[in-house]
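Q: Right, I'll just put the structure down here and ask away after.
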Amino acid sequence: QKTNWEHEIVSKKMIDELIEANGIDLATYNLSKDDVDFIKELIHPPAESERNPRFAGRSFLYDIVCNTQSGLDVDKLDYFMRDAIHCNIADYRKIVDYVIRSAKVLCTGEGYRICFPRKCHHELFKLFEARYDLHYMVYQHKNTKA
(Lines give C-alpha, C1' and ligand atoms only; values in the text may rest on other atoms or scores of the structure.)
Protein backbone atom coordinates (compact mmCIF):
# COMPACT_ATOMS: atom_id res chain seq x y z
CA GLN A 1 0.00 0.00 0.00
CA LYS A 2 1.42 3.36 -1.06
CA THR A 3 1.76 6.04 1.60
CA ASN A 4 2.31 9.79 1.30
CA TRP A 5 5.26 9.69 3.71
CA GLU A 6 7.95 12.27 2.91
CA HIS A 7 11.02 12.55 5.10
CA GLU A 8 11.10 16.34 4.70
CA ILE A 9 7.61 16.69 6.20
CA VAL A 10 8.43 14.26 9.00
CA SER A 11 11.67 16.19 9.69
CA LYS A 12 9.73 19.44 10.06
CA LYS A 13 7.34 17.80 12.53
CA MET A 14 10.30 16.30 14.38
CA ILE A 15 11.78 19.75 14.99
CA ASP A 16 8.58 20.92 16.69
CA GLU A 17 8.31 17.74 18.73
CA LEU A 18 11.94 17.91 19.85
CA ILE A 19 11.57 21.54 20.93
CA GLU A 20 8.40 20.74 22.86
CA ALA A 21 9.50 17.39 24.35
CA ASN A 22 12.79 18.83 25.57
CA GLY A 23 11.30 22.08 26.84
CA ILE A 24 13.69 24.10 24.71
CA ASP A 25 13.40 27.82 25.29
CA LEU A 26 14.26 29.38 21.94
CA ALA A 27 15.22 32.69 23.57
CA THR A 28 18.03 30.91 25.46
CA TYR A 29 19.63 30.29 22.07
CA ASN A 30 18.73 33.72 20.72
CA LEU A 31 16.20 32.12 18.36
CA SER A 32 12.63 33.07 17.55
CA LYS A 33 9.68 31.16 16.13
CA ASP A 34 10.53 32.86 12.79
CA ASP A 35 14.00 31.29 12.96
CA VAL A 36 12.53 27.83 13.54
CA ASP A 37 10.05 28.40 10.70
CA PHE A 38 12.96 29.35 8.44
CA ILE A 39 14.88 26.20 9.40
CA LYS A 40 11.79 24.18 8.48
CA GLU A 41 11.54 26.08 5.18
CA LEU A 42 15.13 25.10 4.41
CA ILE A 43 14.24 21.44 4.93
CA HIS A 44 11.11 21.59 2.77
CA PRO A 45 11.12 24.80 0.73
CA PRO A 46 7.84 26.36 -0.33
CA ALA A 47 7.42 27.91 -3.76
CA GLU A 48 9.76 30.87 -4.22
CA SER A 49 6.83 33.31 -4.06
CA GLU A 50 5.91 31.95 -0.59
CA ARG A 51 9.39 32.04 0.95
CA ASN A 52 10.37 34.11 3.95
CA PRO A 53 10.84 37.71 2.70
CA ARG A 54 13.54 38.18 5.35
CA PHE A 55 15.85 36.17 3.08
CA ALA A 56 14.87 37.65 -0.28
CA GLY A 57 17.89 37.79 -2.55
CA ARG A 58 19.52 34.86 -0.77
CA SER A 59 17.74 32.01 -2.52
CA PHE A 60 20.95 29.96 -2.40
CA LEU A 61 20.30 29.31 1.31
CA TYR A 62 17.39 27.08 0.28
CA ASP A 63 19.66 25.12 -2.08
CA ILE A 64 21.93 23.92 0.72
CA VAL A 65 19.52 21.45 2.32
CA CYS A 66 16.93 20.85 -0.41
CA ASN A 67 18.21 21.89 -3.82
CA THR A 68 15.24 21.96 -6.18
CA GLN A 69 17.43 23.32 -9.00
CA SER A 70 19.97 20.51 -9.40
CA GLY A 71 18.92 17.99 -6.78
CA LEU A 72 22.45 18.11 -5.35
CA ASP A 73 22.21 19.13 -1.69
CA VAL A 74 23.75 18.15 1.64
CA ASP A 75 20.88 15.74 2.33
CA LYS A 76 21.68 13.72 -0.81
CA LEU A 77 25.43 14.01 -0.37
CA ASP A 78 25.05 12.64 3.14
CA TYR A 79 23.06 9.58 2.11
CA PHE A 80 25.25 8.97 -0.97
CA MET A 81 28.28 8.69 1.27
CA ARG A 82 26.57 6.74 4.06
CA ASP A 83 24.72 4.24 1.89
CA ALA A 84 27.56 3.65 -0.58
CA ILE A 85 30.00 2.96 2.26
CA HIS A 86 27.63 0.70 4.19
CA CYS A 87 26.62 -1.21 1.07
CA ASN A 88 30.30 -1.58 0.11
CA ILE A 89 29.74 0.11 -3.25
CA ALA A 90 32.23 2.98 -3.05
CA ASP A 91 33.61 5.69 -0.81
CA TYR A 92 32.57 9.11 -2.11
CA ARG A 93 33.92 11.18 0.81
CA LYS A 94 36.83 12.70 -1.14
CA ILE A 95 34.61 13.55 -4.12
CA VAL A 96 31.97 15.13 -1.87
CA ASP A 97 34.61 17.11 0.00
CA TYR A 98 36.08 18.39 -3.27
CA VAL A 99 32.68 19.36 -4.66
CA ILE A 100 31.70 21.19 -1.47
CA ARG A 101 35.02 23.07 -1.35
CA SER A 102 34.62 24.03 -5.02
CA ALA A 103 31.07 25.36 -4.68
CA LYS A 104 30.53 29.10 -5.07
CA VAL A 105 27.50 31.33 -4.69
CA LEU A 106 27.02 33.31 -7.89
CA CYS A 107 24.40 35.71 -9.17
CA THR A 108 22.49 34.05 -12.01
CA GLY A 109 19.44 35.09 -13.99
CA GLU A 110 17.40 33.41 -11.24
CA GLY A 111 19.08 35.13 -8.29
CA TYR A 112 21.94 33.84 -6.20
CA ARG A 113 22.57 30.11 -6.62
CA ILE A 114 25.12 27.54 -5.57
CA CYS A 115 27.29 26.89 -8.62
CA PHE A 116 30.22 24.64 -9.43
CA PRO A 117 33.20 25.35 -11.70
CA ARG A 118 33.56 23.40 -14.94
CA LYS A 119 36.61 21.65 -13.50
CA CYS A 120 34.20 19.75 -11.18
CA HIS A 121 32.17 18.25 -14.02
CA HIS A 122 33.72 14.80 -13.63
CA GLU A 123 33.15 14.71 -9.86
CA LEU A 124 29.58 15.96 -10.28
CA PHE A 125 28.97 13.29 -12.89
CA LYS A 126 30.32 10.67 -10.45
CA LEU A 127 27.87 11.85 -7.80
CA PHE A 128 24.89 11.54 -10.14
CA GLU A 129 26.26 8.18 -11.23
CA ALA A 130 26.40 7.21 -7.54
CA ARG A 131 22.74 8.15 -7.22
CA TYR A 132 21.91 5.92 -10.18
CA ASP A 133 24.00 3.05 -8.81
CA LEU A 134 22.41 3.28 -5.37
CA HIS A 135 18.92 3.29 -6.84
CA TYR A 136 19.72 0.39 -9.16
CA MET A 137 21.67 -1.77 -6.70
CA VAL A 138 20.07 -0.86 -3.37
CA TYR A 139 16.91 1.27 -3.23
CA GLN A 140 15.07 -0.42 -6.13
CA HIS A 141 16.55 -3.89 -5.61
CA LYS A 142 13.92 -6.65 -5.45
CA ASN A 143 14.99 -7.66 -1.93
CA THR A 144 14.78 -4.06 -0.72
CA LYS A 145 11.30 -3.59 -2.13
CA ALA A 146 10.03 -6.97 -0.89
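Each chain in the C-alpha coordinates gets a letter, A, B and so on, in the order shown; residues start at 1 in every chain, and ligands are counted from 1 in the order they appear.
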Would you list the contacts of Arg58 (chain A) as a PyMOL selection string, taking every protein, DNA or RNA residue within 12 Å and counting only C-alpha atoms, but skipping same-chain residues closer than 5 positions in sequence?
A: chain A and resi 42+48+51-53+63-64+105-108+110-114
Q: Would you please give, as a list of chain:residue names, all residues of region 47-123 of chain A that DSSP assigns to strand (DSSP E or B) based on the backbone?
A: A:Lys104, A:Val105, A:Leu106, A:Cys107, A:Thr108, A:Gly111, A:Tyr112, A:Arg113, A:Ile114, A:Cys115
Q: What residues in region 39-131 of chain A get the DSSP label alpha helix (DSSP H)? Please answer as a VMD selection string.
A: chain A and resid 39 to 43 60 to 65 74 to 86 93 to 102 121 to 131
Q: How far is it from CA of Lys33 (chain A) to CA of Pro45 (chain A), in Å with one decimal?
A: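 Interatomic distance, CA of Lys33 (chain A) to CA of Pro45 (chain A): 16.7 Å.
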Q: Could you tell me which of A:Ile39, A:Val96, A:Tyr62, A:Glu129 comes closest to Asp78 (chain A) if we count only C-alpha atoms?
A: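 Of all the options, A:Val96 lies closest to Asp78 (chain A).
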Q: For region 83-95 of chain A, list every protein, DNA or RNA residue within 8 Å, evaluated using only C-alpha atoms, and leave out those in the same chain fewer than 6 positions away; present the list as number ranges by chain.
A: A: 123, 127, 130, 134, 138
Q: Can you pull out every residue within 12 Å of Glu41 (chain A), counting only C-alpha atoms, but drop anything in the same chain fewer than 5 positions away, and send it as number ranges by chain?
A: A: 8-9, 11-13, 15, 34-36, 46-48, 50-53, 55, 59, 61-67
